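Peer 1: Sharing a structure, written as structure tokens. Questions coming.
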Amino acid sequence: MTEESKKDEKEEYTGKQIQIMEGLEGVRRRPSMYIGNTSKEGLHHLIYEVVDNSVDEALSGYCTKIDVTLNKDGSVTITDNGRGIPVDIHPIKKIPAVEIALTKLHAGGKFDKKSYLISGGLHGVGVSVVNALSKKLIVEIGREGKMFEQEYSRGKPMTKLKVMGKSEQRGTKITFWPDEEIFSTVEFEYKILENRFREITFLNPGLKIILNDEKKGKKEEFFSSGGIIEFVKWINKSKEVLHTKPIYFKKESKGVIAEASIQYNQGYQENIFGFVNTINTVEGGTHVSGFKIALTRVINDYAKKKGLLKNGSFYGDDVREGLTAIISLKMPNPQFEGQTKTKLGNSEIRGLMDSIVSQALSEFFEENPAIARKITTKAIESSKARLAAKRAKDLVRRKNAFSLSGLPGKLADCSSKKSDNTELYLVEGESAGGSAKMARNKETQAILPLRGKILNVEKSNPIKALSSEEVANIITVIGTGVGDQFDLNKLRYKKVVIMTDADVDGEHIKTLLLTFFFRYMRELIENGNIYAAMPPLYRARKGKSDYYIYSDEELKKLTDKIGSVNVTRFKGLGEMSSNQLWETTMNPKTRKIKKIFIEDAVDADQTFSMLMGDDVPARRQFIQENAKEAILDI
Ligand code: 0RA
């Protein structure tokens, strides 16, 4: 092709595309509306969006393999062996269908809704959003015995759709370079992708996903033939299980395919993961609530029928202690609600799930009396523990451990009663607690000093955990309650900040506290209320200037810049004066603070089980593998 004809092509395109481009310009102006944010999660969302389209092909029965390659030049290539994005010319718009898919908002993937009865087409925004947010994108399609190719930049076609030659290959290959003008980081992380792809293959047995990181020279294949049964086993792999074979059922009713796999472990935590069309419904929804209702009723009915439960009934919490469950729904037109659009809203699903689960589970109990008895016995133990915990709590109340306000005497509360601007500092040690009390802004910052290490809740049953003095204090001060009684509206502070020494002990205390929050108040982490303070590691002095340094890299940068400095290492919070503590760690204007978030709940669950549980070799291996990084990457 000559230079001239290339130029003609471009002009022709920009002219025609104006209307379409307005849509994608909107995506570039307000990317967060489409992908949540423009940091790490938003960046990874780009890959999920393309992969979800390939998963759609798999759900429709046309695709068995997806390759994802992180290329050395920072781009990503996603290849599938599906039907290939259609290339026929649109009768009205007179451009190839693939170009519409890539340049028109919401046209990604699903042209014909009927043929896509079930669609994972995820967050639903389509590949055009990925195109809009990439500085360059190349699509290659094998279809109709030919290989097609087209190139785009920031959503605009740079070439026409070209035939590259004959080819019997079928499928779609998309390579994109995320735009640095949009994203604060363009570095993809293997670990984040790995978790999501493992999840996708568990939810779509028979589908193979190959993740290849050319930069790190790392490659992994994800494939499951056992589906969600294997998923549950995988989650429970570092736990002692109550029954070796997970309970499993799959039923179809009213166009909805519902699948569940359940396995109890000897622990005390509840782990229910819900998926709808392979989307992780982190915020739950009607499928999860229908499941819970049925589970509570079936276990109550069974226990009563067998004379195991004489008076009273099990609460929901009682039958979910030590429960790991995956619920996977495939359904047309799911409605997603909630802050992160990950809560299933379709109200008809609650009753449908309830009846499917009730029937399948009662049948299972009749056919497997030994397992049914084990589960019921566990529920009896946990209901006994709940009653004992209530008695213990009443006792603690009466024992004057609390002041008139009902709050522990150790708390230095803030004076503001508003919960939208206040902060609670959980401080390691009484002496650092004392400095923090002096340093703080009394109006908005409350201090709760902790006496050394709190109980490891991973290894204790809930009565022991909740009646330990330090844990009980934290719960009372935060105000929300735990478990079934958890109520976010009762949260007494906007931020809960964990402040520990920057050493091994401090790291351990932080992990113990995070384990507690993850197991008993997970909503607080999900809602973005939990933070870790970042006290400086060093003070560097040069002449009359002091610099507070938060990492070794930062120290190196400083010495590279200003030459030799006099460095003091802070061994703990207690070594700082209250002024220093205020300036470096507590003053909202100058401090550094890290929001704790759960990248992946399944992964976080396993990490906590392992870090805090009994499997010592697994823990040792994890710590060795992660020694250079932060202890917990959540
Ligand atoms: C629209 C219609 C058809 C397939 C696709 C889109 C499709 C999109 C993507 C995105 C990545 N991989 C993909 N694979 C397929 C159906 C085409 C037909 O009927 O042959």
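Numbering starts fresh at 1 for the residues of each chain in the structure tokens, the chains themselves are lettered A, B, ... in the order given, and ligands are numbered from 1 as they appear.
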Leaving out Gly145 (chain A) and any residue of its chain fewer than 4 positions from it, which residues lie within 6 Å of it when counting only C-alpha atoms, given as a PDB file with N, CA and C atoms, in the first residue's frame?

Peer 2:
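Wrote part25.pdb, looks like this:
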ATOM      1  N   LYS A 166      -4.956 -16.520   3.646  1.00  0.00           N
ATOM      2  CA  LYS A 166      -5.829 -17.650   3.948  1.00  0.00           C
ATOM      3  C   LYS A 166      -5.421 -18.268   5.285  1.00  0.00           C
ATOM      4  N   SER A 167      -6.421 -18.777   6.002  1.00  0.00           N
ATOM      5  CA  SER A 167      -6.089 -19.462   7.255  1.00  0.00           C
ATOM      6  C   SER A 167      -7.254 -20.319   7.696  1.00  0.00           C
ATOM      7  N   GLU A 168      -6.952 -21.510   8.137  1.00  0.00           N
ATOM      8  CA  GLU A 168      -8.025 -22.378   8.637  1.00  0.00           C
ATOM      9  C   GLU A 168      -8.244 -22.185  10.132  1.00  0.00           C
TER      10      GLU A 168
END

Peer 1: At a cut-off of 9 Å, using only C-alpha atoms, what residues contact Ala360 (chain A)? Leave out same-chain residues fewer than 6 positions from it and give the result as a compact mmCIF listing (two decimals) with N, CA and C atoms, in the first residue's frame.

Peer 2:
# COMPACT_ATOMS: atom_id res chain seq x y z
N TYR A 248 -22.47 -32.04 46.47
CA TYR A 248 -22.57 -31.32 45.21
C TYR A 248 -23.95 -31.52 44.60
N PHE A 249 -24.52 -30.50 44.06
CA PHE A 249 -25.70 -30.69 43.23
C PHE A 249 -25.81 -29.62 42.16
N LYS A 250 -26.53 -30.00 41.10
CA LYS A 250 -26.74 -29.09 39.98
C LYS A 250 -28.17 -29.28 39.53
N LYS A 251 -28.92 -28.20 39.46
CA LYS A 251 -30.33 -28.33 39.03
C LYS A 251 -30.67 -27.21 38.08

Peer 1: Using backbone DSSP assignments, extract all strand (DSSP E or B) residues from region 326-489 of chain A; output them as number ranges by chain.

Peer 2: A: 326-330, 336-337, 343-344, 402, 408, 412, 423-428, 445-450

Peer 1: If we count only C-alpha atoms and set the cut-off at 12 Å, which residues sit around Lys237 (chain A), ignoring sequence neighbours fewer than 5 positions away in its own chain? Please answer as number ranges by chain.

Peer 2: A: 230-232, 244, 263-265, 324, 602-603, 605-607, 609-610, 613, 615, 618

Peer 1: Throw together the list of residues within 8 Å of ligand 1, counting only C-alpha atoms and all ligand atoms, and drop it here as a ChimeraX atom specification.

Peer 2: /A:50-57,79-86,98,101,108-112,127,171-174

Peer 1: Could you write those residues out with C-alpha atoms, as a PDB file, in the first residue's frame?

Peer 2:
ATOM      1  CA  VAL A  50     -11.505  -9.263  26.884  1.00  0.00           C
ATOM      2  CA  VAL A  51     -11.210 -12.655  28.600  1.00  0.00           C
ATOM      3  CA  ASP A  52     -14.878 -12.491  29.587  1.00  0.00           C
ATOM      4  CA  ASN A  53     -15.798 -12.217  25.942  1.00  0.00           C
ATOM      5  CA  SER A  54     -13.809 -15.363  25.263  1.00  0.00           C
ATOM      6  CA  VAL A  55     -15.463 -17.039  28.269  1.00  0.00           C
ATOM      7  CA  ASP A  56     -18.801 -16.100  26.689  1.00  0.00           C
ATOM      8  CA  GLU A  57     -17.745 -18.088  23.662  1.00  0.00           C
ATOM      9  CA  THR A  79      -6.099 -15.390  22.093  1.00  0.00           C
ATOM     10  CA  ASP A  80      -9.101 -17.714  21.992  1.00  0.00           C
ATOM     11  CA  ASN A  81     -10.250 -20.520  19.735  1.00  0.00           C
ATOM     12  CA  GLY A  82     -13.867 -19.363  19.543  1.00  0.00           C
ATOM     13  CA  ARG A  83     -15.830 -18.434  16.437  1.00  0.00           C
ATOM     14  CA  GLY A  84     -13.981 -15.156  15.933  1.00  0.00           C
ATOM     15  CA  ILE A  85     -15.635 -11.756  16.112  1.00  0.00           C
ATOM     16  CA  PRO A  86     -17.886 -11.419  13.033  1.00  0.00           C
ATOM     17  CA  VAL A  98     -15.803  -6.164  14.460  1.00  0.00           C
ATOM     18  CA  ALA A 101     -17.766  -4.048  18.486  1.00  0.00           C
ATOM     19  CA  GLY A 108     -19.059  -5.541  22.542  1.00  0.00           C
ATOM     20  CA  GLY A 109     -19.883  -9.191  22.044  1.00  0.00           C
ATOM     21  CA  LYS A 110     -23.602  -9.510  22.212  1.00  0.00           C
ATOM     22  CA  PHE A 111     -25.139  -8.505  18.941  1.00  0.00           C
ATOM     23  CA  ASP A 112     -27.853 -11.022  19.120  1.00  0.00           C
ATOM     24  CA  VAL A 127     -14.169  -4.580  24.361  1.00  0.00           C
ATOM     25  CA  GLY A 171     -10.723 -17.455  16.848  1.00  0.00           C
ATOM     26  CA  THR A 172      -9.903 -13.995  18.093  1.00  0.00           C
ATOM     27  CA  LYS A 173      -6.593 -12.493  19.111  1.00  0.00           C
ATOM     28  CA  ILE A 174      -6.486  -9.093  20.766  1.00  0.00           C
TER      29      ILE A 174
END

Peer 1: One decimal, Å: what's the distance from CA of Val457 (chain A) over to CA of Ser382 (chain A), could you say?

Peer 2: 15.2 Å

Peer 1: May I have the residues within 10 Å of Leu491 (chain A) as a PyMOL selection string, using only C-alpha atoms and disregarding those fewer than 2 positions away in the same chain?

Peer 2: chain A and resi 419-420+477-481+486-489+493-496+524+529

Peer 1: Go through A:Met331, A:Ile257, A:Leu137, A:Leu203 one by one, measure the shortest atom-to-atom distance of each to Phe273 (chain A) using only C-alpha atoms, and give the residue with the smallest value.

Peer 2: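 Closest candidate: A:Leu203.
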
Peer 1: Report, in Å to a single decimal, how far apart CA of Arg519 (chain A) and CA of Glu470 (chain A) are.

Peer 2: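 According to the coordinates, CA of Glu470 (chain A) and CA of Arg519 (chain A) are separated by 15.8 Å.
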
Peer 1: Can you list, as a list in words, every protein, DNA or RNA residue that comes within 10 Å of Leu102 (chain A) when you count only C-alpha atoms, leaving out same-chain residues fewer than 3 positions away?

Peer 2: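 Contacts, with the query itself left out: Leu24, Ala97, Val98, Glu99, Leu105, His106, Ala107, Gly108, Gly109, Gly126, Val127, Ser128, Val129, Val130, Asn131, Ala132, Leu137, Val139, Tyr152, Gly155, Lys156 and Pro157 of chain A.
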
Peer 1: Of the residues A:Thr511, A:Asn333, A:Asn71, A:Ser313, which is the one nearest to Ala532 (chain A), using only C-alpha atoms?

Peer 2: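 Residue with the minimum atom-to-atom distance to Ala532 (chain A): A:Thr511.
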
Peer 1: Could you pull the residues within 6 Å of Ile138 (chain A), counting only C-alpha atoms, minus those fewer than 3 positions along the same chain, as a PyMOL selection string?

Peer 2: chain A and resi 150-151+174-175

Peer 1: Which one of A:Phe314, A:Leu448, A:Ala439, A:Met353 sits closest to Ala385 (chain A) if you count only C-alpha atoms?

Peer 2: A:Phe314
